[in-house]
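Below: one structure, written as structure tokens.
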Amino acid sequence: MTQGFVPPPYPYDRLDKFKSIADKHEGGLVDLSIGTPCDPPAPAIVAALSASNSERGYPPSIGTEALRNAAQAWMQRKFAITAPTSQIAACIGSKEFVATTPQYMKLRSPDRDTVLFPAVSYPTYEMGAILAGCRAVAVPMTPSGGLDVDKISASDIKRALMIWTNSPNNPTGALDDLQAVANWGRKNSVPVFSDECYVEFTWSRKPESILQHGLDGVVALHSLSKRSNLAGVRVGFYSGDKEIVNYLKEVRKHVGMLVPGPTQAAAVVALNDDDHVVAQREIYLHRLESLATVLSKWSGFTIELPRGGFYLWFDAKDGWVFAEQLASQGGALVSPGDFYGAGGANNVRVAVVQPDDKIALVTARLAKK
């Protein structure tokens, strides 16, 4: 019997061997490996979850009118983008969209079979291609960490179903040249999908969306998981090219991709409130600065602040050796860089997603070494 698809080990499960080491410290393990928000959502957002009276009926797959209006207004405030609500639709967080969209795009363009994605990136871009039965082709990175589209071969361009960009990038924090990527996609008739779930945490310049450079041929993906600490309720939205968005809206209706009604109501409150995001930005920036200082002093490695996102990403010579040493001496769990592609093997990603008292615990432990 021919062997079919066997899922690879989930990357973060590979860290289990370090958990018992880190947990031996007084106060227990401090998990800095997964980008799971730890701070409480704004009270008004939580209250909206129980006050919408939308539990009984099926919510619209494309998102309620209120949700799409809130997303439209947020994009206008944040980026000065005017996108019709007909070109905005809900998704069940950004990861679901990343993982499932290639199979829908393959049905749309059966003569193409290649998904392009950043060589150093979140693993789901590659996995989404694999699950769709497509070729997953990593695009080399520029020295500044963006997509080096000039390195994409003519044969891969001809076969390209879509290309992903992620800015700010997870794990590196790099910011891509979104206008250049959009122009490349239009020139080569390759749809560009821009994952912008960390855009609110852009540090070195104003936040940018690919939609600021036109809607044709591009789709931007946003999530409330990071900006509003709502990872547990799974809500995001996508917007952009009229034909692509309308196609995905229709396909996803048939699959039953429904963001729960109460979640949509909470998302409306979250998108209409910018103040809680400003406060969260300050929290993450403080944690980035604190951990960069502590880990630089302990390890001797140069650890710079990212241009965006809430991860520290640095060369530690061997990501697995560093992770084991930090688990042993600091009781903290971090992600070796090869989780994000072979090009990150020497690196480490540290997610600043623990409360200040937990970070202080790691600081105190390392100060004794």
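Convention: chains lettered A, B, ... in structure tokens order; per-chain residue numbering from 1; ligands numbered from 1 as shown.
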
>> Taking 4 positions as the minimum chain separation for residues in the same chain, which residues sit within 12 Å of stretch 137-147 of chain A when counting only C-alpha atoms? Answer as a VMD selection string.
In response: chain A and resid 113 to 123 125 to 130 151 to 153 155 to 157 159 to 182 184 to 185 192 194 306 to 308 313 340 to 344

> If you count only C-alpha atoms, which residues fall within 12 Å of stretch 330-333 of chain A, apart from same-chain ones fewer than 2 positions away, as a ChimeraX atom specification?
Replying inline: /A:12-35,291,294-295,298-299,319-320,322-328,335-336,348-354,358-369

Give me every alpha helix (DSSP H) residue in stretch 184-365 of chain A, going by DSSP on the backbone, as a PDB file with N, CA and C atoms, in the first residue's frame.
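As a result, out08.pdb now contains:
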ATOM      1  N   TRP A 184       5.530  43.743  -8.381  1.00  0.00           N
ATOM      2  CA  TRP A 184       6.027  42.496  -8.954  1.00  0.00           C
ATOM      3  C   TRP A 184       4.867  41.545  -9.250  1.00  0.00           C
ATOM      4  N   GLY A 185       3.936  41.439  -8.307  1.00  0.00           N
ATOM      5  CA  GLY A 185       2.800  40.549  -8.503  1.00  0.00           C
ATOM      6  C   GLY A 185       1.968  40.959  -9.703  1.00  0.00           C
ATOM      7  N   ARG A 186       1.698  42.244  -9.849  1.00  0.00           N
ATOM      8  CA  ARG A 186       0.899  42.717 -10.985  1.00  0.00           C
ATOM      9  C   ARG A 186       1.638  42.497 -12.301  1.00  0.00           C
ATOM     10  N   LYS A 187       2.928  42.764 -12.305  1.00  0.00           N
ATOM     11  CA  LYS A 187       3.724  42.590 -13.522  1.00  0.00           C
ATOM     12  C   LYS A 187       3.719  41.143 -13.990  1.00  0.00           C
ATOM     13  N   ASN A 188       3.733  40.209 -13.029  1.00  0.00           N
ATOM     14  CA  ASN A 188       3.840  38.793 -13.358  1.00  0.00           C
ATOM     15  C   ASN A 188       2.517  38.027 -13.239  1.00  0.00           C
ATOM     16  N   LEU A 224      -7.180  40.076  14.918  1.00  0.00           N
ATOM     17  CA  LEU A 224      -7.315  40.760  16.200  1.00  0.00           C
ATOM     18  C   LEU A 224      -6.624  40.018  17.331  1.00  0.00           C
ATOM     19  N   SER A 225      -6.012  38.874  17.016  1.00  0.00           N
ATOM     20  CA  SER A 225      -5.358  38.069  18.046  1.00  0.00           C
ATOM     21  C   SER A 225      -4.272  38.841  18.764  1.00  0.00           C
ATOM     22  N   LYS A 226      -3.436  39.546  18.018  1.00  0.00           N
ATOM     23  CA  LYS A 226      -2.290  40.235  18.597  1.00  0.00           C
ATOM     24  C   LYS A 226      -2.676  41.639  19.076  1.00  0.00           C
ATOM     25  N   ARG A 227      -3.318  42.419  18.196  1.00  0.00           N
ATOM     26  CA  ARG A 227      -3.601  43.825  18.504  1.00  0.00           C
ATOM     27  C   ARG A 227      -4.528  43.977  19.705  1.00  0.00           C
ATOM     28  N   LYS A 242     -11.027  42.803  -5.887  1.00  0.00           N
ATOM     29  CA  LYS A 242     -12.464  42.520  -5.934  1.00  0.00           C
ATOM     30  C   LYS A 242     -12.754  41.095  -6.376  1.00  0.00           C
ATOM     31  N   GLU A 243     -12.121  40.648  -7.448  1.00  0.00           N
ATOM     32  CA  GLU A 243     -12.417  39.315  -7.988  1.00  0.00           C
ATOM     33  C   GLU A 243     -11.954  38.209  -7.045  1.00  0.00           C
ATOM     34  N   ILE A 244     -10.752  38.368  -6.459  1.00  0.00           N
ATOM     35  CA  ILE A 244     -10.224  37.339  -5.561  1.00  0.00           C
ATOM     36  C   ILE A 244     -11.039  37.272  -4.271  1.00  0.00           C
ATOM     37  N   VAL A 245     -11.336  38.425  -3.690  1.00  0.00           N
ATOM     38  CA  VAL A 245     -12.107  38.445  -2.444  1.00  0.00           C
ATOM     39  C   VAL A 245     -13.497  37.858  -2.674  1.00  0.00           C
ATOM     40  N   ASN A 246     -14.151  38.229  -3.760  1.00  0.00           N
ATOM     41  CA  ASN A 246     -15.481  37.678  -4.030  1.00  0.00           C
ATOM     42  C   ASN A 246     -15.429  36.170  -4.228  1.00  0.00           C
ATOM     43  N   TYR A 247     -14.400  35.691  -4.896  1.00  0.00           N
ATOM     44  CA  TYR A 247     -14.238  34.247  -5.089  1.00  0.00           C
ATOM     45  C   TYR A 247     -14.071  33.530  -3.749  1.00  0.00           C
ATOM     46  N   LEU A 248     -13.180  34.047  -2.910  1.00  0.00           N
ATOM     47  CA  LEU A 248     -12.937  33.412  -1.613  1.00  0.00           C
ATOM     48  C   LEU A 248     -14.170  33.486  -0.724  1.00  0.00           C
ATOM     49  N   LYS A 249     -14.891  34.590  -0.780  1.00  0.00           N
ATOM     50  CA  LYS A 249     -16.126  34.704   0.002  1.00  0.00           C
ATOM     51  C   LYS A 249     -17.099  33.586  -0.363  1.00  0.00           C
ATOM     52  N   GLU A 250     -17.252  33.327  -1.647  1.00  0.00           N
ATOM     53  CA  GLU A 250     -18.202  32.317  -2.082  1.00  0.00           C
ATOM     54  C   GLU A 250     -17.741  30.907  -1.722  1.00  0.00           C
ATOM     55  N   VAL A 251     -16.460  30.619  -1.935  1.00  0.00           N
ATOM     56  CA  VAL A 251     -15.936  29.295  -1.606  1.00  0.00           C
ATOM     57  C   VAL A 251     -16.082  29.018  -0.115  1.00  0.00           C
ATOM     58  N   ARG A 252     -15.715  29.999   0.696  1.00  0.00           N
ATOM     59  CA  ARG A 252     -15.701  29.805   2.143  1.00  0.00           C
ATOM     60  C   ARG A 252     -17.122  29.631   2.691  1.00  0.00           C
ATOM     61  N   LYS A 253     -18.111  30.188   2.018  1.00  0.00           N
ATOM     62  CA  LYS A 253     -19.502  29.941   2.424  1.00  0.00           C
ATOM     63  C   LYS A 253     -19.817  28.448   2.373  1.00  0.00           C
ATOM     64  N   HIS A 254     -19.364  27.788   1.328  1.00  0.00           N
ATOM     65  CA  HIS A 254     -19.652  26.367   1.149  1.00  0.00           C
ATOM     66  C   HIS A 254     -18.928  25.507   2.178  1.00  0.00           C
ATOM     67  N   VAL A 255     -17.801  25.995   2.673  1.00  0.00           N
ATOM     68  CA  VAL A 255     -17.020  25.228   3.640  1.00  0.00           C
ATOM     69  C   VAL A 255     -17.551  25.432   5.056  1.00  0.00           C
ATOM     70  N   GLY A 261     -20.936  34.421  16.103  1.00  0.00           N
ATOM     71  CA  GLY A 261     -21.596  35.723  16.239  1.00  0.00           C
ATOM     72  C   GLY A 261     -21.087  36.547  17.404  1.00  0.00           C
ATOM     73  N   PRO A 262     -20.989  35.987  18.617  1.00  0.00           N
ATOM     74  CA  PRO A 262     -20.484  36.772  19.740  1.00  0.00           C
ATOM     75  C   PRO A 262     -19.059  37.279  19.507  1.00  0.00           C
ATOM     76  N   THR A 263     -18.257  36.479  18.823  1.00  0.00           N
ATOM     77  CA  THR A 263     -16.892  36.896  18.501  1.00  0.00           C
ATOM     78  C   THR A 263     -16.904  38.080  17.547  1.00  0.00           C
ATOM     79  N   GLN A 264     -17.792  38.038  16.571  1.00  0.00           N
ATOM     80  CA  GLN A 264     -17.882  39.158  15.638  1.00  0.00           C
ATOM     81  C   GLN A 264     -18.298  40.440  16.364  1.00  0.00           C
ATOM     82  N   ALA A 265     -19.208  40.310  17.312  1.00  0.00           N
ATOM     83  CA  ALA A 265     -19.642  41.486  18.076  1.00  0.00           C
ATOM     84  C   ALA A 265     -18.484  42.065  18.882  1.00  0.00           C
ATOM     85  N   ALA A 266     -17.686  41.198  19.483  1.00  0.00           N
ATOM     86  CA  ALA A 266     -16.522  41.673  20.236  1.00  0.00           C
ATOM     87  C   ALA A 266     -15.510  42.332  19.319  1.00  0.00           C
ATOM     88  N   ALA A 267     -15.353  41.786  18.109  1.00  0.00           N
ATOM     89  CA  ALA A 267     -14.399  42.350  17.159  1.00  0.00           C
ATOM     90  C   ALA A 267     -14.792  43.764  16.730  1.00  0.00           C
ATOM     91  N   VAL A 268     -16.092  44.013  16.636  1.00  0.00           N
ATOM     92  CA  VAL A 268     -16.554  45.368  16.287  1.00  0.00           C
ATOM     93  C   VAL A 268     -16.084  46.365  17.338  1.00  0.00           C
ATOM     94  N   VAL A 269     -16.258  46.014  18.593  1.00  0.00           N
ATOM     95  CA  VAL A 269     -15.814  46.901  19.685  1.00  0.00           C
ATOM     96  C   VAL A 269     -14.307  47.090  19.634  1.00  0.00           C
ATOM     97  N   ALA A 270     -13.586  46.000  19.386  1.00  0.00           N
ATOM     98  CA  ALA A 270     -12.122  46.066  19.366  1.00  0.00           C
ATOM     99  C   ALA A 270     -11.613  46.941  18.228  1.00  0.00           C
ATOM    100  N   LEU A 271     -12.184  46.778  17.045  1.00  0.00           N
ATOM    101  CA  LEU A 271     -11.716  47.556  15.893  1.00  0.00           C
ATOM    102  C   LEU A 271     -12.059  49.033  16.018  1.00  0.00           C
ATOM    103  N   ASP A 275      -7.433  53.059  21.511  1.00  0.00           N
ATOM    104  CA  ASP A 275      -6.692  53.373  22.735  1.00  0.00           C
ATOM    105  C   ASP A 275      -6.052  52.139  23.363  1.00  0.00           C
ATOM    106  N   HIS A 276      -6.768  51.003  23.375  1.00  0.00           N
ATOM    107  CA  HIS A 276      -6.206  49.818  24.010  1.00  0.00           C
ATOM    108  C   HIS A 276      -4.986  49.300  23.236  1.00  0.00           C
ATOM    109  N   VAL A 277      -4.947  49.573  21.941  1.00  0.00           N
ATOM    110  CA  VAL A 277      -3.806  49.148  21.132  1.00  0.00           C
ATOM    111  C   VAL A 277      -2.590  50.020  21.437  1.00  0.00           C
ATOM    112  N   VAL A 278      -2.814  51.298  21.622  1.00  0.00           N
ATOM    113  CA  VAL A 278      -1.716  52.203  21.992  1.00  0.00           C
ATOM    114  C   VAL A 278      -1.094  51.751  23.306  1.00  0.00           C
ATOM    115  N   ALA A 279      -1.927  51.389  24.259  1.00  0.00           N
ATOM    116  CA  ALA A 279      -1.428  50.916  25.555  1.00  0.00           C
ATOM    117  C   ALA A 279      -0.658  49.607  25.397  1.00  0.00           C
ATOM    118  N   GLN A 280      -1.175  48.699  24.555  1.00  0.00           N
ATOM    119  CA  GLN A 280      -0.493  47.425  24.356  1.00  0.00           C
ATOM    120  C   GLN A 280       0.852  47.598  23.665  1.00  0.00           C
ATOM    121  N   ARG A 281       0.939  48.550  22.772  1.00  0.00           N
ATOM    122  CA  ARG A 281       2.224  48.848  22.112  1.00  0.00           C
ATOM    123  C   ARG A 281       3.293  49.203  23.141  1.00  0.00           C
ATOM    124  N   GLU A 282       2.938  50.026  24.094  1.00  0.00           N
ATOM    125  CA  GLU A 282       3.906  50.433  25.105  1.00  0.00           C
ATOM    126  C   GLU A 282       4.350  49.248  25.961  1.00  0.00           C
ATOM    127  N   ILE A 283       3.418  48.368  26.249  1.00  0.00           N
ATOM    128  CA  ILE A 283       3.746  47.178  27.051  1.00  0.00           C
ATOM    129  C   ILE A 283       4.747  46.307  26.309  1.00  0.00           C
ATOM    130  N   TYR A 284       4.487  46.039  25.038  1.00  0.00           N
ATOM    131  CA  TYR A 284       5.386  45.174  24.276  1.00  0.00           C
ATOM    132  C   TYR A 284       6.751  45.813  24.067  1.00  0.00           C
ATOM    133  N   LEU A 285       6.765  47.103  23.804  1.00  0.00           N
ATOM    134  CA  LEU A 285       8.048  47.770  23.595  1.00  0.00           C
ATOM    135  C   LEU A 285       8.903  47.702  24.851  1.00  0.00           C
ATOM    136  N   HIS A 286       8.288  47.901  26.004  1.00  0.00           N
ATOM    137  CA  HIS A 286       9.020  47.803  27.273  1.00  0.00           C
ATOM    138  C   HIS A 286       9.582  46.395  27.463  1.00  0.00           C
ATOM    139  N   ARG A 287       8.786  45.383  27.158  1.00  0.00           N
ATOM    140  CA  ARG A 287       9.257  44.008  27.325  1.00  0.00           C
ATOM    141  C   ARG A 287      10.377  43.674  26.346  1.00  0.00           C
ATOM    142  N   LEU A 288      10.259  44.152  25.131  1.00  0.00           N
ATOM    143  CA  LEU A 288      11.329  43.934  24.150  1.00  0.00           C
ATOM    144  C   LEU A 288      12.645  44.527  24.638  1.00  0.00           C
ATOM    145  N   GLU A 289      12.571  45.751  25.127  1.00  0.00           N
ATOM    146  CA  GLU A 289      13.780  46.419  25.613  1.00  0.00           C
ATOM    147  C   GLU A 289      14.371  45.693  26.813  1.00  0.00           C
ATOM    148  N   SER A 290      13.502  45.270  27.718  1.00  0.00           N
ATOM    149  CA  SER A 290      13.956  44.599  28.928  1.00  0.00           C
ATOM    150  C   SER A 290      14.643  43.276  28.614  1.00  0.00           C
ATOM    151  N   LEU A 291      13.988  42.433  27.810  1.00  0.00           N
ATOM    152  CA  LEU A 291      14.560  41.122  27.506  1.00  0.00           C
ATOM    153  C   LEU A 291      15.797  41.221  26.622  1.00  0.00           C
ATOM    154  N   ALA A 292      15.813  42.178  25.706  1.00  0.00           N
ATOM    155  CA  ALA A 292      17.006  42.360  24.869  1.00  0.00           C
ATOM    156  C   ALA A 292      18.214  42.692  25.734  1.00  0.00           C
ATOM    157  N   THR A 293      18.025  43.540  26.725  1.00  0.00           N
ATOM    158  CA  THR A 293      19.121  43.920  27.625  1.00  0.00           C
ATOM    159  C   THR A 293      19.588  42.731  28.459  1.00  0.00           C
ATOM    160  N   VAL A 294      18.645  42.032  29.035  1.00  0.00           N
ATOM    161  CA  VAL A 294      18.966  40.896  29.910  1.00  0.00           C
ATOM    162  C   VAL A 294      19.679  39.789  29.145  1.00  0.00           C
ATOM    163  N   LEU A 295      19.110  39.393  28.011  1.00  0.00           N
ATOM    164  CA  LEU A 295      19.676  38.276  27.270  1.00  0.00           C
ATOM    165  C   LEU A 295      21.015  38.628  26.618  1.00  0.00           C
ATOM    166  N   SER A 296      21.182  39.879  26.206  1.00  0.00           N
ATOM    167  CA  SER A 296      22.473  40.314  25.650  1.00  0.00           C
ATOM    168  C   SER A 296      23.572  40.210  26.705  1.00  0.00           C
ATOM    169  N   LYS A 297      23.263  40.684  27.890  1.00  0.00           N
ATOM    170  CA  LYS A 297      24.246  40.657  28.977  1.00  0.00           C
ATOM    171  C   LYS A 297      24.597  39.235  29.371  1.00  0.00           C
ATOM    172  N   TRP A 298      23.599  38.358  29.438  1.00  0.00           N
ATOM    173  CA  TRP A 298      23.842  36.974  29.863  1.00  0.00           C
ATOM    174  C   TRP A 298      24.585  36.166  28.803  1.00  0.00           C
ATOM    175  N   SER A 299      24.177  36.333  27.545  1.00  0.00           N
ATOM    176  CA  SER A 299      24.696  35.473  26.479  1.00  0.00           C
ATOM    177  C   SER A 299      25.944  36.009  25.790  1.00  0.00           C
ATOM    178  N   GLY A 319      20.745  27.609  17.438  1.00  0.00           N
ATOM    179  CA  GLY A 319      19.487  27.905  18.119  1.00  0.00           C
ATOM    180  C   GLY A 319      19.104  26.874  19.160  1.00  0.00           C
ATOM    181  N   TRP A 320      19.372  25.600  18.897  1.00  0.00           N
ATOM    182  CA  TRP A 320      18.990  24.557  19.844  1.00  0.00           C
ATOM    183  C   TRP A 320      19.884  24.564  21.081  1.00  0.00           C
ATOM    184  N   VAL A 321      21.156  24.824  20.886  1.00  0.00           N
ATOM    185  CA  VAL A 321      22.066  24.909  22.040  1.00  0.00           C
ATOM    186  C   VAL A 321      21.662  26.068  22.936  1.00  0.00           C
ATOM    187  N   PHE A 322      21.362  27.220  22.330  1.00  0.00           N
ATOM    188  CA  PHE A 322      20.947  28.390  23.109  1.00  0.00           C
ATOM    189  C   PHE A 322      19.661  28.086  23.872  1.00  0.00           C
ATOM    190  N   ALA A 323      18.691  27.469  23.195  1.00  0.00           N
ATOM    191  CA  ALA A 323      17.408  27.177  23.832  1.00  0.00           C
ATOM    192  C   ALA A 323      17.589  26.259  25.042  1.00  0.00           C
ATOM    193  N   GLU A 324      18.456  25.272  24.918  1.00  0.00           N
ATOM    194  CA  GLU A 324      18.685  24.353  26.033  1.00  0.00           C
ATOM    195  C   GLU A 324      19.379  25.056  27.199  1.00  0.00           C
ATOM    196  N   GLN A 325      20.339  25.900  26.881  1.00  0.00           N
ATOM    197  CA  GLN A 325      21.052  26.626  27.939  1.00  0.00           C
ATOM    198  C   GLN A 325      20.121  27.584  28.671  1.00  0.00           C
ATOM    199  N   LEU A 326      19.254  28.258  27.944  1.00  0.00           N
ATOM    200  CA  LEU A 326      18.331  29.198  28.584  1.00  0.00           C
ATOM    201  C   LEU A 326      17.305  28.450  29.428  1.00  0.00           C
ATOM    202  N   ALA A 327      16.861  27.296  28.960  1.00  0.00           N
ATOM    203  CA  ALA A 327      15.939  26.490  29.762  1.00  0.00           C
ATOM    204  C   ALA A 327      16.606  26.048  31.057  1.00  0.00           C
ATOM    205  N   SER A 328      17.866  25.675  30.962  1.00  0.00           N
ATOM    206  CA  SER A 328      18.601  25.180  32.127  1.00  0.00           C
ATOM    207  C   SER A 328      18.933  26.280  33.121  1.00  0.00           C
ATOM    208  N   GLN A 329      19.398  27.416  32.612  1.00  0.00           N
ATOM    209  CA  GLN A 329      19.885  28.467  33.509  1.00  0.00           C
ATOM    210  C   GLN A 329      18.846  29.538  33.819  1.00  0.00           C
ATOM    211  N   GLY A 330      17.919  29.759  32.890  1.00  0.00           N
ATOM    212  CA  GLY A 330      16.923  30.808  33.109  1.00  0.00           C
ATOM    213  C   GLY A 330      15.511  30.307  33.282  1.00  0.00           C
ATOM    214  N   ASP A 356       5.255  41.109  33.179  1.00  0.00           N
ATOM    215  CA  ASP A 356       6.524  41.666  33.649  1.00  0.00           C
ATOM    216  C   ASP A 356       7.101  40.882  34.818  1.00  0.00           C
ATOM    217  N   ASP A 357       6.239  40.350  35.693  1.00  0.00           N
ATOM    218  CA  ASP A 357       6.781  39.614  36.833  1.00  0.00           C
ATOM    219  C   ASP A 357       7.446  38.307  36.396  1.00  0.00           C
ATOM    220  N   LYS A 358       6.947  37.699  35.329  1.00  0.00           N
ATOM    221  CA  LYS A 358       7.571  36.485  34.800  1.00  0.00           C
ATOM    222  C   LYS A 358       8.912  36.808  34.136  1.00  0.00           C
ATOM    223  N   ILE A 359       8.944  37.905  33.414  1.00  0.00           N
ATOM    224  CA  ILE A 359      10.203  38.320  32.786  1.00  0.00           C
ATOM    225  C   ILE A 359      11.229  38.678  33.853  1.00  0.00           C
ATOM    226  N   ALA A 360      10.768  39.303  34.925  1.00  0.00           N
ATOM    227  CA  ALA A 360      11.667  39.624  36.040  1.00  0.00           C
ATOM    228  C   ALA A 360      12.214  38.353  36.683  1.00  0.00           C
ATOM    229  N   LEU A 361      11.422  37.299  36.693  1.00  0.00           N
ATOM    230  CA  LEU A 361      11.857  36.016  37.241  1.00  0.00           C
ATOM    231  C   LEU A 361      13.026  35.459  36.423  1.00  0.00           C
ATOM    232  N   VAL A 362      12.920  35.534  35.105  1.00  0.00           N
ATOM    233  CA  VAL A 362      14.006  35.082  34.232  1.00  0.00           C
ATOM    234  C   VAL A 362      15.243  35.944  34.452  1.00  0.00           C
ATOM    235  N   THR A 363      15.037  37.246  34.579  1.00  0.00           N
ATOM    236  CA  THR A 363      16.149  38.169  34.821  1.00  0.00           C
ATOM    237  C   THR A 363      16.898  37.818  36.096  1.00  0.00           C
ATOM    238  N   ALA A 364      16.135  37.545  37.148  1.00  0.00           N
ATOM    239  CA  ALA A 364      16.755  37.218  38.437  1.00  0.00           C
ATOM    240  C   ALA A 364      17.542  35.914  38.361  1.00  0.00           C
ATOM    241  N   ARG A 365      16.995  34.936  37.651  1.00  0.00           N
ATOM    242  CA  ARG A 365      17.703  33.658  37.527  1.00  0.00           C
ATOM    243  C   ARG A 365      19.009  33.823  36.767  1.00  0.00           C
TER     244      ARG A 365
END

>> When DSSP is applied to the backbone of this structure, which of stretch 303-339 of chain A are assigned strand (DSSP E)? Write them out as JSON, numbers by chain.
In response: {"A": [311, 312, 313, 314, 315, 332, 333, 335, 336]}

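Closest approach to A:Leu211 among A:Ser228, A:Thr124, A:Gln103, A:Gln76: A:Gln76, based on only C-alpha atoms.
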
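Take the candidates A:Pro60, A:Pro102, A:Pro191, A:Pro11 and check each one against A:Ala90 using only C-alpha atoms; the shortest distance goes to A:Pro60.
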
> Hey, which of A:Asp274, A:Ser54, A:Phe201, A:Asp216 ends up closest to A:Ala73? Count only C-alpha atoms.
Replying inline: A:Asp274

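Comparing the minimum interatomic distances between A:Ile45 and each of A:Arg112, A:Val98, A:Asn229, A:Gly217, counting only C-alpha atoms, we find that A:Asn229 sits nearest.
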
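For the residues A:Ile81, A:Cys91, A:Met257, A:Leu312, ranking by smallest atom-to-atom distance to A:Gln212 using only C-alpha atoms places A:Ile81 first.
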
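Considering the residues A:Gly309, A:Pro207, A:Gly232, A:Gly4 and counting only C-alpha atoms, A:Asp39 has its shortest atom-to-atom contact with A:Gly232.
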
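For the pair atom CA of A:Pro41 and atom CA of A:Trp203, the interatomic distance is 21.7 Å.
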